[in-house]
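Next comes upload28.txt, a file with compact mmCIF, C-alpha atoms and all ligand atoms.
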```txt
# COMPACT_ATOMS: atom_id res chain seq x y z
CA MET A 1 -58.29 61.00 47.64
CA ILE A 2 -59.04 57.31 48.28
CA SER A 3 -56.03 55.17 47.40
CA ASP A 4 -56.42 52.22 45.07
CA ASN A 5 -54.67 50.06 47.67
CA LEU A 6 -57.15 48.44 50.00
CA VAL A 7 -54.92 46.17 52.10
CA GLU A 8 -51.14 46.30 52.34
CA LEU A 9 -49.12 43.60 54.07
CA HIS A 10 -45.51 44.53 54.73
CA GLY A 11 -42.93 42.17 56.22
CA LEU A 12 -45.61 40.03 57.83
CA THR A 13 -43.93 37.33 59.92
CA VAL A 14 -45.43 34.65 62.16
CA ALA A 15 -43.74 32.32 64.62
CA PHE A 16 -45.24 29.56 66.75
CA ASP A 17 -43.28 28.82 69.93
CA GLY A 18 -40.26 30.56 68.44
CA VAL A 19 -40.37 28.69 65.10
CA LYS A 20 -40.92 31.05 62.17
CA VAL A 21 -43.55 29.83 59.70
CA LEU A 22 -44.00 33.08 57.75
CA HIS A 23 -40.93 35.02 56.67
CA GLY A 24 -41.89 38.55 55.73
CA ILE A 25 -44.86 38.59 53.36
CA ASP A 26 -45.35 41.74 51.24
CA LEU A 27 -48.63 41.89 49.38
CA THR A 28 -50.90 44.68 48.19
CA VAL A 29 -54.57 44.02 47.49
CA ARG A 30 -56.13 46.69 45.30
CA ARG A 31 -59.80 47.56 45.49
CA GLY A 32 -61.99 45.04 43.68
CA GLU A 33 -59.25 42.71 42.47
CA ALA A 34 -59.09 38.95 42.99
CA ILE A 35 -55.79 37.37 44.01
CA GLY A 36 -55.14 33.66 44.31
CA LEU A 37 -52.79 32.19 46.92
CA VAL A 38 -51.43 28.83 45.84
CA GLY A 39 -48.88 26.36 47.12
CA GLU A 40 -48.71 22.97 48.78
CA SER A 41 -50.11 22.29 52.21
CA GLY A 42 -48.15 23.99 54.99
CA CYS A 43 -46.69 26.83 52.85
CA GLY A 44 -48.34 29.54 54.95
CA LYS A 45 -51.37 30.56 52.88
CA SER A 46 -53.92 30.40 55.69
CA VAL A 47 -51.57 31.69 58.37
CA THR A 48 -50.95 34.85 56.31
CA TRP A 49 -54.60 35.93 56.51
CA LEU A 50 -55.33 34.54 59.96
CA ALA A 51 -52.39 36.64 61.19
CA ALA A 52 -53.54 39.73 59.29
CA LEU A 53 -56.97 39.46 60.91
CA GLY A 54 -55.72 38.68 64.43
CA LEU A 55 -57.26 35.21 64.35
CA LEU A 56 -54.22 33.15 65.36
CA PRO A 57 -53.99 31.57 68.82
CA GLY A 58 -52.16 33.42 71.60
CA LYS A 59 -48.97 31.36 71.22
CA ALA A 60 -48.38 32.93 67.78
CA THR A 61 -45.99 35.87 67.54
CA VAL A 62 -46.96 38.17 64.70
CA ALA A 63 -44.82 41.06 63.44
CA GLY A 64 -44.79 43.41 60.47
CA SER A 65 -47.50 45.70 59.18
CA VAL A 66 -51.09 45.23 58.00
CA ARG A 67 -52.69 48.42 56.66
CA VAL A 68 -56.32 48.71 55.64
CA ASP A 69 -56.97 51.92 53.72
CA GLY A 70 -53.66 53.15 55.09
CA GLN A 71 -54.56 52.50 58.72
CA GLU A 72 -52.34 50.11 60.67
CA ILE A 73 -54.36 47.32 62.29
CA LEU A 74 -51.57 45.10 63.61
CA GLY A 75 -50.65 45.61 67.23
CA GLY A 76 -53.06 48.54 67.57
CA PRO A 77 -56.09 48.74 69.86
CA ARG A 78 -58.48 45.78 69.69
CA THR A 79 -61.27 48.15 68.64
CA VAL A 80 -59.45 48.99 65.40
CA LEU A 81 -59.08 45.31 64.53
CA GLU A 82 -62.70 44.66 65.42
CA SER A 83 -63.89 47.50 63.21
CA VAL A 84 -62.10 45.83 60.28
CA ARG A 85 -62.79 42.15 60.91
CA GLY A 86 -66.09 40.96 59.49
CA LYS A 87 -66.93 44.46 58.31
CA ARG A 88 -64.11 45.61 56.02
CA ILE A 89 -62.55 42.16 55.62
CA ALA A 90 -64.48 38.90 56.01
CA MET A 91 -63.00 35.40 55.91
CA ILE A 92 -64.68 32.13 55.00
CA PHE A 93 -63.28 28.65 55.46
CA GLN A 94 -63.40 25.17 53.98
CA ASP A 95 -65.62 23.94 56.79
CA PRO A 96 -68.84 25.95 57.26
CA SER A 97 -69.20 24.58 60.79
CA SER A 98 -66.31 26.88 61.77
CA SER A 99 -68.59 29.85 61.06
CA LEU A 100 -72.14 28.52 61.53
CA ASN A 101 -73.48 27.79 65.01
CA PRO A 102 -75.29 24.42 64.93
CA VAL A 103 -77.83 25.34 67.64
CA ILE A 104 -79.01 28.72 66.29
CA CYS A 105 -81.31 28.93 63.29
CA ILE A 106 -79.78 30.34 60.12
CA GLY A 107 -82.00 33.40 59.89
CA ARG A 108 -81.03 34.52 63.38
CA GLN A 109 -77.32 33.99 62.72
CA ILE A 110 -77.38 36.18 59.63
CA THR A 111 -79.58 38.74 61.37
CA GLU A 112 -77.14 38.92 64.31
CA ALA A 113 -74.29 39.57 61.90
CA LEU A 114 -76.34 42.44 60.44
CA VAL A 115 -77.00 43.85 63.92
CA ILE A 116 -73.28 43.77 64.74
CA HIS A 117 -71.88 45.02 61.45
CA ARG A 118 -74.59 47.31 60.10
CA ALA A 119 -76.70 48.18 63.14
CA LEU A 120 -79.84 46.93 61.38
CA THR A 121 -82.68 45.76 63.63
CA GLY A 122 -86.16 44.23 63.49
CA LYS A 123 -87.90 44.02 60.12
CA ALA A 124 -85.06 45.75 58.27
CA ALA A 125 -82.54 43.16 59.53
CA LYS A 126 -84.85 40.27 58.59
CA ALA A 127 -85.51 41.71 55.14
CA GLU A 128 -81.79 42.14 54.54
CA ALA A 129 -81.03 38.60 55.81
CA LEU A 130 -83.60 37.24 53.35
CA ARG A 131 -82.07 39.32 50.56
CA LEU A 132 -78.62 37.90 51.35
CA MET A 133 -79.94 34.32 51.44
CA ASP A 134 -81.53 34.95 48.09
CA MET A 135 -78.37 36.58 46.74
CA VAL A 136 -76.25 33.51 47.57
CA GLY A 137 -78.80 31.22 45.90
CA ILE A 138 -80.74 29.67 48.80
CA PRO A 139 -84.09 28.76 47.27
CA ASP A 140 -87.25 29.59 49.22
CA ALA A 141 -85.36 31.70 51.77
CA ARG A 142 -88.45 32.92 53.64
CA ARG A 143 -89.59 29.39 54.46
CA ARG A 144 -86.08 28.24 55.39
CA PHE A 145 -85.20 31.25 57.54
CA ASP A 146 -85.89 29.36 60.79
CA LEU A 147 -84.06 26.16 59.87
CA PHE A 148 -80.81 25.02 61.54
CA PRO A 149 -77.49 24.46 59.71
CA HIS A 150 -77.87 20.64 59.70
CA GLU A 151 -81.08 21.05 57.68
CA PHE A 152 -79.08 22.40 54.72
CA SER A 153 -76.74 20.51 52.35
CA GLY A 154 -72.96 21.02 52.42
CA GLY A 155 -73.07 23.34 49.40
CA GLN A 156 -75.95 25.33 50.90
CA CYS A 157 -74.07 25.69 54.21
CA GLN A 158 -71.16 27.09 52.18
CA ARG A 159 -73.58 29.57 50.58
CA LEU A 160 -74.97 30.51 53.99
CA MET A 161 -71.45 31.08 55.31
CA ILE A 162 -70.87 33.39 52.34
CA ALA A 163 -74.15 35.20 53.18
CA MET A 164 -72.90 35.72 56.75
CA ALA A 165 -69.61 37.05 55.37
CA LEU A 166 -71.50 39.47 53.12
CA ALA A 167 -73.54 40.80 56.05
CA GLY A 168 -70.88 43.41 56.81
CA GLU A 169 -70.64 44.47 53.13
CA PRO A 170 -66.89 43.74 53.21
CA ASP A 171 -64.42 45.37 50.85
CA LEU A 172 -62.40 42.15 50.87
CA LEU A 173 -63.52 38.54 51.12
CA VAL A 174 -60.79 36.06 52.05
CA ALA A 175 -61.97 32.62 50.90
CA ASP A 176 -59.76 29.87 52.36
CA GLU A 177 -60.23 26.66 50.35
CA PRO A 178 -63.97 27.33 50.14
CA THR A 179 -64.71 24.49 47.74
CA THR A 180 -62.24 21.77 48.76
CA ALA A 181 -64.74 19.67 50.73
CA LEU A 182 -67.46 19.78 48.05
CA ASP A 183 -68.12 17.52 45.09
CA ALA A 184 -67.18 18.78 41.64
CA THR A 185 -70.60 20.09 40.55
CA ILE A 186 -71.17 22.00 43.79
CA GLN A 187 -67.59 23.31 43.66
CA ALA A 188 -68.29 24.79 40.24
CA GLN A 189 -71.49 26.43 41.53
CA ILE A 190 -69.70 28.01 44.51
CA LEU A 191 -66.95 29.32 42.23
CA ASP A 192 -69.59 30.86 39.95
CA LEU A 193 -71.23 32.39 43.01
CA LEU A 194 -67.94 33.99 44.14
CA ILE A 195 -67.35 35.37 40.65
CA GLU A 196 -70.93 36.74 40.43
CA LEU A 197 -70.84 38.29 43.90
CA ARG A 198 -67.61 40.06 43.12
CA LYS A 199 -69.15 41.50 39.95
CA GLU A 200 -72.25 42.57 41.84
CA THR A 201 -70.60 44.04 44.93
CA GLY A 202 -67.19 45.12 43.65
CA MET A 203 -65.48 43.54 46.67
CA ALA A 204 -61.92 42.31 46.35
CA THR A 205 -61.26 38.59 46.83
CA ILE A 206 -58.36 36.56 48.18
CA PHE A 207 -58.84 33.02 47.01
CA ILE A 208 -56.71 30.40 48.79
CA SER A 209 -56.69 27.12 46.91
CA HIS A 210 -54.73 24.06 45.86
CA ASP A 211 -56.75 24.04 42.67
CA LEU A 212 -54.92 26.06 40.04
CA GLY A 213 -57.84 25.73 37.62
CA ALA A 214 -60.22 27.29 40.16
CA VAL A 215 -57.70 30.07 40.84
CA SER A 216 -57.53 30.87 37.13
CA GLN A 217 -61.33 31.14 36.95
CA VAL A 218 -61.73 33.42 39.94
CA CYS A 219 -58.57 35.56 39.97
CA GLU A 220 -56.59 37.99 37.82
CA ARG A 221 -53.40 37.61 39.79
CA ALA A 222 -51.79 34.87 41.88
CA CYS A 223 -49.08 34.49 44.48
CA VAL A 224 -47.23 31.22 44.70
CA MET A 225 -46.06 30.48 48.24
CA TYR A 226 -43.38 28.08 49.38
CA ALA A 227 -42.16 27.48 52.94
CA GLY A 228 -43.57 30.71 54.32
CA ARG A 229 -42.51 33.00 51.47
CA ILE A 230 -43.97 34.27 48.21
CA VAL A 231 -41.72 32.87 45.47
CA GLU A 232 -43.56 34.13 42.39
CA GLN A 233 -46.37 36.59 41.84
CA GLY A 234 -47.95 37.75 38.62
CA THR A 235 -51.00 37.82 36.41
CA ILE A 236 -52.78 34.53 35.81
CA ALA A 237 -51.80 34.75 32.13
CA ALA A 238 -48.10 35.20 32.97
CA LEU A 239 -48.00 32.42 35.56
CA PHE A 240 -50.04 29.92 33.58
CA ASP A 241 -48.48 30.49 30.18
CA ASN A 242 -44.94 30.97 31.36
CA PRO A 243 -44.20 29.91 34.94
CA ARG A 244 -40.68 31.05 35.78
CA HIS A 245 -40.08 29.67 39.26
CA PRO A 246 -39.29 25.94 39.12
CA TYR A 247 -41.77 25.49 41.97
CA THR A 248 -44.59 27.18 40.03
CA ARG A 249 -43.71 25.02 37.02
CA GLY A 250 -43.73 21.98 39.30
CA LEU A 251 -47.24 22.79 40.55
CA PHE A 252 -48.49 22.98 36.95
CA ASP A 253 -46.73 19.79 35.89
CA ALA A 254 -48.37 17.99 38.79
CA ILE A 255 -51.96 18.69 37.71
CA PRO A 256 -53.99 16.94 35.02
CA ARG A 257 -54.61 19.14 31.96
CA LEU A 258 -57.96 18.98 30.29
CA ASP A 259 -57.06 21.38 27.50
CA GLY A 260 -54.56 19.33 25.56
CA PRO A 261 -53.18 15.90 24.89
CA ARG A 262 -52.99 13.92 28.10
CA GLU A 263 -49.41 14.24 29.25
CA ARG A 264 -47.77 12.32 32.06
CA LEU A 265 -48.21 14.05 35.41
CA ILE A 266 -44.94 14.76 37.14
CA PRO A 267 -45.23 15.15 40.90
CA ILE A 268 -42.70 17.42 42.61
CA PRO A 269 -40.22 15.12 44.34
CA GLY A 270 -39.97 15.33 48.13
CA THR A 271 -42.13 17.33 50.52
CA VAL A 272 -42.39 20.85 51.94
CA PRO A 273 -39.79 21.14 54.74
CA HIS A 274 -40.95 21.59 58.30
CA PRO A 275 -40.50 25.25 59.33
CA ARG A 276 -38.05 24.05 62.02
CA ASP A 277 -35.79 22.37 59.43
CA LEU A 278 -35.57 24.84 56.57
CA PRO A 279 -32.54 24.16 54.34
CA GLU A 280 -29.81 26.76 53.81
CA GLY A 281 -30.33 29.09 50.86
CA CYS A 282 -33.47 28.72 48.74
CA ALA A 283 -35.91 26.52 50.68
CA PHE A 284 -36.99 24.82 47.44
CA SER A 285 -33.43 23.94 46.34
CA PRO A 286 -33.38 20.34 47.70
CA ARG A 287 -36.43 19.55 45.51
CA CYS A 288 -35.39 21.60 42.49
CA SER A 289 -33.79 20.02 39.42
CA HIS A 290 -32.42 23.44 38.38
CA ALA A 291 -30.69 24.20 41.68
CA ALA A 292 -27.00 25.08 41.55
CA ALA A 293 -24.43 25.78 44.25
CA ASP A 294 -25.57 29.41 44.66
CA CYS A 295 -29.14 28.25 45.47
CA ARG A 296 -27.85 26.19 48.35
CA SER A 297 -25.81 28.97 49.88
CA GLY A 298 -27.90 32.11 49.28
CA ARG A 299 -31.57 32.98 49.07
CA PRO A 300 -32.78 35.06 46.10
CA ASN A 301 -34.87 38.16 46.90
CA LEU A 302 -38.35 38.56 45.46
CA SER A 303 -37.60 40.96 42.59
CA ALA A 304 -39.59 42.57 39.77
CA MET A 305 -39.01 41.09 36.31
CA ASP A 306 -39.35 42.99 33.01
CA ASP A 307 -42.89 41.68 32.49
CA GLY A 308 -43.99 42.99 35.90
CA ARG A 309 -44.07 39.69 37.76
CA LEU A 310 -42.19 39.19 41.02
CA LEU A 311 -39.80 36.27 41.17
CA SER A 312 -37.43 34.83 43.72
CA CYS A 313 -35.10 32.49 41.84
CA PHE A 314 -31.43 32.51 40.73
CA HIS A 315 -32.11 30.15 37.80
CA PRO A 316 -35.61 30.74 36.42
CA VAL A 317 -37.19 28.41 33.90
CA GLY A 318 -39.47 29.42 31.01
CA HIS A 319 -39.02 32.39 28.69
CA PRO A 320 -37.68 35.86 29.49
CA ALA A 321 -40.24 38.68 29.29
CA GLY A 322 -39.71 39.72 25.65
CA LEU A 323 -40.59 36.32 24.24
CA MET A 324 -43.57 36.10 26.54
CA GLN A 325 -44.96 39.45 25.43
CA ALA A 326 -44.57 38.40 21.80
CA ALA A 327 -46.48 35.19 22.58
CA GLU A 328 -49.21 37.16 24.35
CA SER A 329 -49.68 39.53 21.43
CA ARG A 330 -49.92 36.52 19.09
CA ILE A 331 -52.64 35.07 21.35
CA GLN A 332 -54.43 38.46 21.33
CA GLU A 333 -54.28 38.58 17.53
CA ALA A 334 -55.60 35.06 17.27
CA VAL A 335 -58.65 35.70 19.49
CA SER A 336 -59.56 39.13 18.10
N1 LIG B 401 -51.82 26.89 65.42
C1 LIG B 401 -50.64 26.49 64.93
N2 LIG B 401 -49.65 26.07 65.75
C2 LIG B 401 -48.45 25.68 65.25
N3 LIG B 401 -48.13 25.68 63.95
C3 LIG B 401 -49.08 26.07 63.09
C4 LIG B 401 -50.38 26.51 63.53
N4 LIG B 401 -51.10 26.88 62.43
C5 LIG B 401 -50.29 26.67 61.36
N5 LIG B 401 -49.08 26.20 61.76
C6 LIG B 401 -47.95 25.87 60.88
O1 LIG B 401 -47.73 26.99 60.03
C7 LIG B 401 -47.30 26.55 58.74
C8 LIG B 401 -48.21 27.19 57.70
O2 LIG B 401 -49.53 26.64 57.84
P1 LIG B 401 -50.77 27.10 56.94
O3 LIG B 401 -52.00 26.49 57.54
O4 LIG B 401 -50.75 28.55 56.72
O5 LIG B 401 -50.46 26.37 55.58
P2 LIG B 401 -51.34 26.38 54.25
O6 LIG B 401 -50.42 26.75 53.14
O7 LIG B 401 -52.56 27.21 54.43
O8 LIG B 401 -51.70 24.84 54.15
P3 LIG B 401 -53.13 24.14 53.91
O9 LIG B 401 -53.36 24.24 52.47
O10 LIG B 401 -52.90 22.74 54.38
O11 LIG B 401 -54.14 24.88 54.74
C9 LIG B 401 -47.36 25.01 58.76
O12 LIG B 401 -46.05 24.53 58.99
C10 LIG B 401 -48.26 24.73 59.93
O13 LIG B 401 -47.94 23.48 60.53
```
Can the structure in the file be given as structure tokens, please?
Amino acid sequence: MISDNLVELHGLTVAFDGVKVLHGIDLTVRRGEAIGLVGESGCGKSVTWLAALGLLPGKATVAGSVRVDGQEILGGPRTVLESVRGKRIAMIFQDPSSSLNPVICIGRQITEALVIHRALTGKAAKAEALRLMDMVGIPDARRRFDLFPHEFSGGQCQRLMIAMALAGEPDLLVADEPTTALDATIQAQILDLLIELRKETGMATIFISHDLGAVSQVCERACVMYAGRIVEQGTIAALFDNPRHPYTRGLFDAIPRLDGPRERLIPIPGTVPHPRDLPEGCAFSPRCSHAAADCRSGRPNLSAMDDGRLLSCFHPVGHPAGLMQAAESRIQEAVS
């Protein structure tokens, strides 16, 4: 029987030149689901997936386990990793130039991906490349098949990068800040495209973003990362309505809200520590207004709460599960 779990990360750690930047990430991605990874710059969001896909430079030391459909891909033969990368799991980045070759026309680049991942050739490969260009919303694909990346706009290059990623019919698309470099209207279009493609193909999505609003549109679940660890994980509803880690709350307080009276934005004081200089105990404690002596001496484990979320905090904020569930059922009643 095929398990519901598509990708399982267990104790994933990464060090660069002996300095640990990722401290044992555990995360299960189920088939078809969309999970957001959020946190300030430098928290380890990108490194998590670059490590899982063997895309980090040679100086990185990666340990732990990455299973795809139960098969270990970390530290195994290169052929196993290559059979997964691009085909089972594809990754797209903020900057399309990291994936698109400027001196090869777009049609050929997508066709080559189809040759590699799906062994399509000739007319069949071209027809499929055109279908993918059409699917990601490139108008007049047939006429633009022979154009080069610089002949497309930034948003269209992002769409073309997504088309290349789809060439292998991946089970999981990892989208690393895919909209950050785009203006607001194009950002919204790319988000809609990701949502549509997931509906159409049933692929799972990891959405890495600073933009909590975008995460809530695309994902059902989110992981909040801080200093190389997951500090809170739960459904979008649970995290947005009732953040329990002071860091999650801090991220929300620091963004403008469009859905209510304009409140003062409260930035989180201080900055993310350098991985070389992590404080004792909870890494967030020096920036946390709720921190007590125990936070500075010990580090809380990531543990399951009554409402199903995972939390790593000795002194959570917000409401315990019971109150939250009552609030959720009131919301349900109000909308039904
Ligand atoms: N190639 C590298 N060599 C050394 N350190 C690195 C390398 N890549 C990442 N790091 C370090 O690993 C840590 C995690 O970086 P990562 O890029 O995963 O953060 P992030 O949460 O994705 O941030 P951003 O949102 O800015 O991309 C940071 O301290 C970063 O400086």
For segment 143-148 of chain A, take all atoms listed in the file, fit an axis-aligned box around them, add 3 Å to each of the six sides, then output centre and edge lengths in Å rounded to one decimal, as JSON.
```
{"center_x": -85.2, "center_y": 28.1, "center_z": 58.0, "size_x": 14.8, "size_y": 12.2, "size_z": 13.1}
```
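As for atom CA of Asp241 of chain A and atom CA of Val218 of chain A, they are spaced 16.7 Å apart.
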Using all atoms listed in the file, find each residue with an atom at most 7 Å away from ligand LIG 401 (chain B) and format the answer as a ChimeraX atom specification. /A:16,21,39-48,56-57,210,228,274-275
Tell me which of A:Val14, A:Ala175, A:Leu22, A:Ala52 sits closest to Leu278 of chain A, counting all atoms listed in the file. A:Leu22
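Here atom CA of Glu220 of chain A and atom CA of Val38 of chain A stand 13.2 Å from one another.
Of the residues under consideration (A:Ile186, A:Ala293, A:Ala167, A:Met225), A:Ala167 shows the shortest atom-to-atom contact distance to Ile116 of chain A when counting only C-alpha atoms.
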Can you tell me, as number ranges by chain, what residues are no more than 8 Å from Arg309 of chain A when counting all atoms listed in the file, ignoring any on the same chain fewer than 4 positions away? A: 232-235, 238, 304-305
Close residues, Lys87 of chain A itself excluded, 10 Å, only C-alpha atoms, min 2 positions apart in chain, as number ranges by chain: A: 82-85, 89-90, 113-114, 116-118, 165-173
Here is a test: counting all atoms listed in the file, which residue of A:Leu194, A:Leu12, A:Ala181, A:Ala283 is nearest to Tyr226 of chain A? A:Ala283
Applying 7 Å and all atoms listed in the file, which residues near Ile106 of chain A remain after dropping the ones on its own chain fewer than 3 positions away? List them as a list of chain:residue names. A:Gln109, A:Ile110, A:Phe145, A:Asp146, A:Leu147, A:Phe148, A:Pro149
